[in-house]
Amino acid sequence: MQRPTSRFIKAGGGGIAAVAALLLVTGQAARTADHLDPPARTDPAVDSTPDTPADIADVFTWYDATNVNFVITFAGPSSPTQPAFYDRDVLYTLNLSTQKAGTTADIPITFRFGKGAGANDFGIQASGIPGVTGTLEGPVESTLTKSGVSLRAGLFDDPFFFDLQGFKDTKSTGTLMFNKTRNFFDGKNDTAIVLSIPRANFTTSNISAWFTTARFGGQL
Amino acid sequence: MNTNRFSALRRPLGRAMFAATPLALAMMLAACGDQGAGSIVVVPAPAPSTSAPTPTPSTTGTAVKYDVLPCFNQVIPGTGGQTPLSVIIPDTLKLDLTKASGFPNGRTLTDPVVDVTLAVLFLDVNAGGQSPKTLANIPLDPPGNDRPFSLTFPYLAPPQGTPAVASGVGSNFDFRSDADSAYVNVDRMGNPAVATALISSSMKAAYNDANPTVDATQKFVPEEASELTKLFDEIGDDLTGLGLKICAKTS
């Protein structure tokens, strides 16, 4: 399988460990939110071929007066010198269920990345957005709009906040020690997809959301 | 790191904390955070005994056992009857457009999800003086992001540093058009931290390859209960020592 080699698609990453303190107490690896999880597939400390582009970091969803908003971060936390990850071999899916049980995605929205003609040209293609006929696609690092929907992919500050050092101290001292001024994710970035969909495009007031990644041809 | 500083803090904080109510505890920790070194939350070691040395008793017969079922089934105030179990089973973010946004009703960028998750899994959030925000009000972890979020789309803060960024232009991108069946699952995520905290390493792959329909069969509930029990075995006594009322039943 041919792998992309662009400077904007990099494999690997820092051996980051971010965990709940309680996990450290029990000796498990240090992760939280979903960074570097599952470790056997995404954590360089565990896996010699970590699938960084497919590693989900966080999922957010909320609504405002006009829209239902979704933010998905992945491939992080990365150092401020690293570019984003736009891997055409990864299928990203925002699974939405408007059914009562909330277990089956009646609105699966898929995202794919692709390379353009220019050295630094990358695009995103979204399919299945409610209220949008066909796809919504265009360059990353640009806000794309169609039928009231807004979409943007790009490199952003990692929005997660968490005291990893406090958790390490908890492990080493056997006491719970946290410092609210210490955020392991300070100065780190993620690649992200941001999507806003008009509330009117949903027929129910209850939405269940989860995000999945999959790699073309099999896991690394 | 200056460990002597922590040692110095541990003793005076510890004596006070053992007698503190949760509210008093929160006020004390908040004050600690104003002393320049940040809010370091320390669970103190027991005071040294002044009596004659005696053999260390076996803990086999006296160890506290935790039943975490009450934690999973406690109603989370302000959620219309949601429980930790109904939040994490199935493992999806659940957004009700008739209720205010904010974890566990969806998840906003500013929600202190770690502190809230720890509170609803470990504390009796219906006990007097306690709530899902008990730990976030202290707070244990940083209360917000290092960079302000935008109030408008795309909401996230710009990247740190000066990394190379894509051109933001172009067309005719070479997107794959292969069927979804040509892809193999790698990762899934709904709620923050839950899959990481309550699923052990041996179950990680199976959990990430499952889906909410499988979650709804409660396939992973025994695993999640087992992992939470292990966590209580480690820190349950620390939490009660801080004057907090835990949600697990002890025997």
# chains A, B, ... in the order shown; residues from 1 in each chain; ligands from 1

call {"tool": "closest_atom_pairs", "arguments": {"of": "chain A", "to": "chain B", "cutoff": "6 Å", "atoms": "only C-alpha atoms", "output": "Markdown table"}}
result
| residue | atom | partner | partner_atom | distance |
| --- | --- | --- | --- | --- |
| A:Thr32 | CA | B:Ala193 | CA | 5.1 |
| A:Ala33 | CA | B:Ala193 | CA | 4.2 |
| A:Pro38 | CA | B:Lys204 | CA | 5.8 |
| A:Phe60 | CA | B:Arg107 | CA | 5.0 |
| A:Thr61 | CA | B:Arg107 | CA | 5.2 |
| A:Trp62 | CA | B:Gly106 | CA | 5.5 |
| A:Pro80 | CA | B:Gly161 | CA | 4.6 |
| A:Thr81 | CA | B:Pro163 | CA | 4.7 |
| A:Gln82 | CA | B:Pro163 | CA | 5.7 |
| A:Pro83 | CA | B:Ala164 | CA | 5.4 |
| A:Thr103 | CA | B:Pro212 | CA | 4.7 |
| A:Phe113 | CA | B:Phe175 | CA | 6.0 |
| A:Gly114 | CA | B:Phe175 | CA | 4.5 |
| A:Lys115 | CA | B:Phe173 | CA | 5.0 |
| A:Gly116 | CA | B:Phe173 | CA | 4.4 |
| A:Asn120 | CA | B:Ala166 | CA | 5.0 |
| A:Asp121 | CA | B:Ser167 | CA | 5.4 |
| A:Gly123 | CA | B:Phe173 | CA | 5.8 |
| A:Pro139 | CA | B:Val169 | CA | 5.2 |
| A:Val140 | CA | B:Gly168 | CA | 5.4 |
| A:Glu141 | CA | B:Gly168 | CA | 4.7 |
| A:Ser142 | CA | B:Gly168 | CA | 5.3 |
| A:Leu155 | CA | B:Pro159 | CA | 5.9 |
| A:Phe156 | CA | B:Pro159 | CA | 4.0 |
| A:Asp157 | CA | B:Pro159 | CA | 4.2 |
| A:Phe161 | CA | B:Asn145 | CA | 5.5 |
| A:Phe162 | CA | B:Asp141 | CA | 5.5 |
| A:Asp163 | CA | B:Asp141 | CA | 5.5 |
| A:Thr175 | CA | B:Val43 | CA | 5.3 |
| A:Leu176 | CA | B:Val42 | CA | 5.4 |
| A:Met177 | CA | B:Val41 | CA | 4.7 |
| A:Phe178 | CA | B:Ile40 | CA | 4.9 |
| A:Asn179 | CA | B:Ile40 | CA | 4.6 |
| A:Lys180 | CA | B:Pro142 | CA | 4.0 |
| A:Thr181 | CA | B:Gly38 | CA | 5.5 |
| A:Asp186 | CA | B:Asp146 | CA | 5.7 |
| A:Gly187 | CA | B:Gln160 | CA | 5.5 |
| A:Asn189 | CA | B:Pro159 | CA | 5.8 |
| A:Ser205 | CA | B:Leu97 | CA | 4.9 |
| A:Asn206 | CA | B:Asp96 | CA | 4.6 |
| A:Ile207 | CA | B:Leu95 | CA | 5.1 |
| A:Ser208 | CA | B:Lys94 | CA | 4.5 |
| A:Ala209 | CA | B:Leu93 | CA | 5.1 |
| A:Trp210 | CA | B:Gly190 | CA | 4.5 |
| A:Phe211 | CA | B:Met189 | CA | 5.4 |
| A:Thr212 | CA | B:Arg188 | CA | 4.2 |
| A:Thr213 | CA | B:Asp187 | CA | 5.3 |
| A:Ala214 | CA | B:Asn185 | CA | 4.0 |
| A:Arg215 | CA | B:Tyr183 | CA | 4.9 |
| A:Phe216 | CA | B:Tyr183 | CA | 4.2 |
| A:Gly217 | CA | B:Tyr183 | CA | 5.7 |
| A:Gly218 | CA | B:Val184 | CA | 5.0 |

call {"tool": "write_last_selection", "arguments": {"atoms": "N, CA and C atoms", "output": "compact mmCIF listing (two decimals), in the first residue's frame"}}
result
# COMPACT_ATOMS: atom_id res chain seq x y z
N THR A 32 -5.26 9.93 28.53
CA THR A 32 -6.61 10.33 28.89
C THR A 32 -7.26 10.98 27.69
N ALA A 33 -8.54 11.43 27.92
CA ALA A 33 -9.41 11.69 26.78
C ALA A 33 -9.27 10.45 25.92
N PRO A 38 -6.37 3.17 21.18
CA PRO A 38 -5.75 2.07 21.90
C PRO A 38 -4.24 2.05 21.70
N PHE A 60 -16.08 16.64 20.75
CA PHE A 60 -16.93 17.63 21.43
C PHE A 60 -18.21 17.83 20.61
N THR A 61 -19.30 18.06 21.29
CA THR A 61 -20.52 18.49 20.59
C THR A 61 -21.37 19.33 21.52
N TRP A 62 -21.88 20.40 20.98
CA TRP A 62 -22.76 21.29 21.72
C TRP A 62 -23.63 22.03 20.72
N PRO A 80 4.73 22.05 18.79
CA PRO A 80 4.38 23.22 17.97
C PRO A 80 5.22 23.35 16.71
N THR A 81 6.16 22.44 16.50
CA THR A 81 6.94 22.47 15.27
C THR A 81 6.41 21.49 14.24
N GLN A 82 5.48 20.62 14.66
CA GLN A 82 4.98 19.60 13.74
C GLN A 82 3.80 20.11 12.92
N PRO A 83 3.77 19.76 11.65
CA PRO A 83 2.61 20.12 10.83
C PRO A 83 1.44 19.19 11.10
N THR A 103 -27.90 3.93 19.27
CA THR A 103 -26.83 2.96 19.07
C THR A 103 -26.46 2.74 17.61
N PHE A 113 -9.29 12.93 3.40
CA PHE A 113 -8.31 13.93 3.00
C PHE A 113 -7.68 13.53 1.68
N GLY A 114 -7.26 14.52 0.92
CA GLY A 114 -6.59 14.24 -0.35
C GLY A 114 -5.56 15.31 -0.66
N LYS A 115 -4.65 14.95 -1.54
CA LYS A 115 -3.57 15.85 -1.92
C LYS A 115 -3.96 16.63 -3.17
N GLY A 116 -3.57 17.91 -3.21
CA GLY A 116 -3.80 18.72 -4.40
C GLY A 116 -2.54 18.83 -5.23
N ASN A 120 1.88 22.16 -0.97
CA ASN A 120 1.21 22.33 0.33
C ASN A 120 -0.30 22.38 0.20
N ASP A 121 -0.80 21.82 -0.89
CA ASP A 121 -2.25 21.83 -1.10
C ASP A 121 -2.87 20.52 -0.61
N GLY A 123 -6.80 18.80 0.72
CA GLY A 123 -8.22 19.05 0.77
C GLY A 123 -8.94 18.08 1.68
N PRO A 139 -10.23 23.03 0.15
CA PRO A 139 -8.94 22.98 0.83
C PRO A 139 -9.06 23.03 2.35
N VAL A 140 -8.13 22.36 3.02
CA VAL A 140 -8.03 22.51 4.47
C VAL A 140 -7.51 23.90 4.78
N GLU A 141 -7.53 24.27 6.06
CA GLU A 141 -7.13 25.62 6.49
C GLU A 141 -7.94 26.70 5.79
N SER A 142 -9.17 26.33 5.46
CA SER A 142 -10.09 27.27 4.84
C SER A 142 -11.49 26.87 5.28
N LEU A 155 -4.81 22.70 11.49
CA LEU A 155 -4.00 22.54 12.68
C LEU A 155 -4.43 23.58 13.70
N PHE A 156 -4.68 23.11 14.93
CA PHE A 156 -5.15 24.01 15.99
C PHE A 156 -4.43 23.68 17.30
N ASP A 157 -4.55 24.58 18.23
CA ASP A 157 -4.11 24.32 19.59
C ASP A 157 -4.90 23.14 20.16
N PHE A 161 -7.28 20.06 28.58
CA PHE A 161 -6.49 20.57 29.70
C PHE A 161 -6.51 19.54 30.83
N PHE A 162 -5.31 19.29 31.38
CA PHE A 162 -5.15 18.16 32.29
C PHE A 162 -3.75 18.22 32.90
N ASP A 163 -3.63 17.94 34.20
CA ASP A 163 -2.33 17.98 34.88
C ASP A 163 -1.68 16.59 34.89
N THR A 175 0.53 9.60 46.89
CA THR A 175 -0.49 10.54 47.35
C THR A 175 -1.10 11.25 46.14
N LEU A 176 -2.31 11.72 46.31
CA LEU A 176 -2.95 12.46 45.23
C LEU A 176 -2.40 13.88 45.21
N MET A 177 -1.76 14.28 44.13
CA MET A 177 -1.14 15.60 44.04
C MET A 177 -1.46 16.22 42.69
N PHE A 178 -2.20 17.30 42.73
CA PHE A 178 -2.57 17.97 41.50
C PHE A 178 -2.18 19.45 41.60
N ASN A 179 -1.91 20.04 40.47
CA ASN A 179 -1.60 21.46 40.42
C ASN A 179 -2.44 22.09 39.30
N LYS A 180 -3.34 22.92 39.70
CA LYS A 180 -4.28 23.47 38.73
C LYS A 180 -3.63 24.41 37.74
N THR A 181 -2.39 24.82 38.01
CA THR A 181 -1.70 25.72 37.08
C THR A 181 -0.84 24.96 36.08
N ASP A 186 -0.47 22.28 27.44
CA ASP A 186 0.00 23.63 27.09
C ASP A 186 1.00 23.54 25.95
N GLY A 187 0.83 24.38 24.96
CA GLY A 187 1.82 24.45 23.89
C GLY A 187 1.76 23.31 22.91
N ASN A 189 -0.41 20.92 19.89
CA ASN A 189 -1.39 21.07 18.81
C ASN A 189 -2.05 19.75 18.45
N SER A 205 -34.66 16.23 18.80
CA SER A 205 -33.89 17.06 19.72
C SER A 205 -32.84 16.26 20.47
N ASN A 206 -32.74 14.97 20.17
CA ASN A 206 -31.74 14.14 20.83
C ASN A 206 -30.78 13.58 19.80
N ILE A 207 -29.49 13.82 20.03
CA ILE A 207 -28.45 13.37 19.11
C ILE A 207 -27.38 12.64 19.91
N SER A 208 -27.06 11.44 19.50
CA SER A 208 -25.94 10.72 20.08
C SER A 208 -24.80 10.74 19.07
N ALA A 209 -23.58 10.99 19.56
CA ALA A 209 -22.44 11.15 18.65
C ALA A 209 -21.25 10.32 19.11
N TRP A 210 -20.60 9.70 18.17
CA TRP A 210 -19.32 9.06 18.43
C TRP A 210 -18.49 9.11 17.16
N PHE A 211 -17.20 8.99 17.30
CA PHE A 211 -16.30 9.17 16.17
C PHE A 211 -15.46 7.91 16.00
N THR A 212 -15.23 7.54 14.76
CA THR A 212 -14.39 6.36 14.49
C THR A 212 -13.39 6.69 13.39
N THR A 213 -12.29 5.97 13.41
CA THR A 213 -11.31 6.06 12.34
C THR A 213 -11.03 4.65 11.82
N ALA A 214 -10.71 4.58 10.54
CA ALA A 214 -10.38 3.29 9.93
C ALA A 214 -9.33 3.53 8.85
N ARG A 215 -8.48 2.54 8.66
CA ARG A 215 -7.38 2.70 7.68
C ARG A 215 -7.60 1.81 6.48
N PHE A 216 -7.35 2.39 5.33
CA PHE A 216 -7.48 1.66 4.07
C PHE A 216 -6.50 0.49 4.01
N GLY A 217 -7.03 -0.67 3.73
CA GLY A 217 -6.19 -1.83 3.56
C GLY A 217 -5.73 -2.52 4.84
N GLY A 218 -6.08 -1.98 5.98
CA GLY A 218 -5.72 -2.64 7.24
C GLY A 218 -4.90 -1.75 8.16

call {"tool": "select_by_dssp", "arguments": {"residues": "range 135-171 of chain A", "states": "strand (DSSP E or B)", "output": "list in words"}}
result
Thr135, Leu136, Glu137, Gly138, Pro139, Leu144, Thr145, Lys146, Val149, Ser150, Leu151, Arg152, Ala153, Gly154, Leu155, Phe156 and Asp157 of chain A

call {"tool": "closest_residue", "arguments": {"among": "A:Gly128, A:Gly134, A:Gly148, A:Gly118", "to": "Leu94 in chain A", "atoms": "only C-alpha atoms"}}
result
A:Gly128

call {"tool": "select_by_dssp", "arguments": {"residues": "range 104-216 of chain A", "states": "helix (DSSP H, G or I)", "output": "JSON, numbers by chain"}}
result
{"A": [164, 165, 166, 167, 168, 169, 170, 171, 172, 173, 199, 200, 201]}

call {"tool": "write_last_selection", "arguments": {"atoms": "C-alpha atoms", "output": "PDB file, in the first residue's frame"}}
result
ATOM      1  CA  LEU A 164      -0.263  15.004  33.790  1.00  0.00           C
ATOM      2  CA  GLN A 165       2.622  15.910  36.099  1.00  0.00           C
ATOM      3  CA  GLY A 166       0.269  15.766  39.048  1.00  0.00           C
ATOM      4  CA  PHE A 167      -0.633  12.279  38.043  1.00  0.00           C
ATOM      5  CA  LYS A 168       3.011  11.307  37.759  1.00  0.00           C
ATOM      6  CA  ASP A 169       3.615  12.746  41.202  1.00  0.00           C
ATOM      7  CA  THR A 170       0.664  10.762  42.449  1.00  0.00           C
ATOM      8  CA  LYS A 171       2.264   7.626  41.167  1.00  0.00           C
ATOM      9  CA  SER A 172       5.699   8.340  42.550  1.00  0.00           C
ATOM     10  CA  THR A 173       4.566   9.522  45.987  1.00  0.00           C
ATOM     11  CA  ARG A 199     -30.320  22.822  14.094  1.00  0.00           C
ATOM     12  CA  ALA A 200     -33.159  22.800  11.589  1.00  0.00           C
ATOM     13  CA  ASN A 201     -31.385  20.012   9.716  1.00  0.00           C
TER      14      ASN A 201
END

call {"tool": "closest_residue", "arguments": {"among": "A:Ala101, A:Tyr63, A:Asp106, A:Arg182", "to": "Leu195 in chain A", "atoms": "only C-alpha atoms"}}
result
A:Tyr63

call {"tool": "atom_distance", "arguments": {"atom1": "CA of Leu144 in chain A", "atom2": "CA of Asp190 in chain A"}}
result
19.5 Å

call {"tool": "closest_residue", "arguments": {"among": "A:Pro53, A:Phe70, A:Thr203, A:Ser48", "to": "Arg152 in chain A", "atoms": "only C-alpha atoms"}}
result
A:Phe70

call {"tool": "atom_distance", "arguments": {"atom1": "CA of Asp37 in chain A", "atom2": "CA of Asp58 in chain A"}}
result
10.9 Å

call {"tool": "residues_around", "arguments": {"residues": "Ser150 in chain A", "least_positions_apart": "4", "cutoff": "8 Å", "atoms": "only C-alpha atoms", "output": "VMD selection string"}}
result
chain A and resid 143 to 146 194 to 197

call {"tool": "residues_around", "arguments": {"residues": "Phe72 in chain B", "least_positions_apart": "4", "cutoff": "12 Å", "atoms": "only C-alpha atoms", "output": "VMD selection string"}}
result
chain B and resid 67 to 68 76 82 to 89 117 119 to 125 198 221 to 222 224 to 226 228 to 229 247 to 249

call {"tool": "atom_distance", "arguments": {"atom1": "CA of Ala45 in chain A", "atom2": "CA of Ile193 in chain A"}}
result
26.2 Å
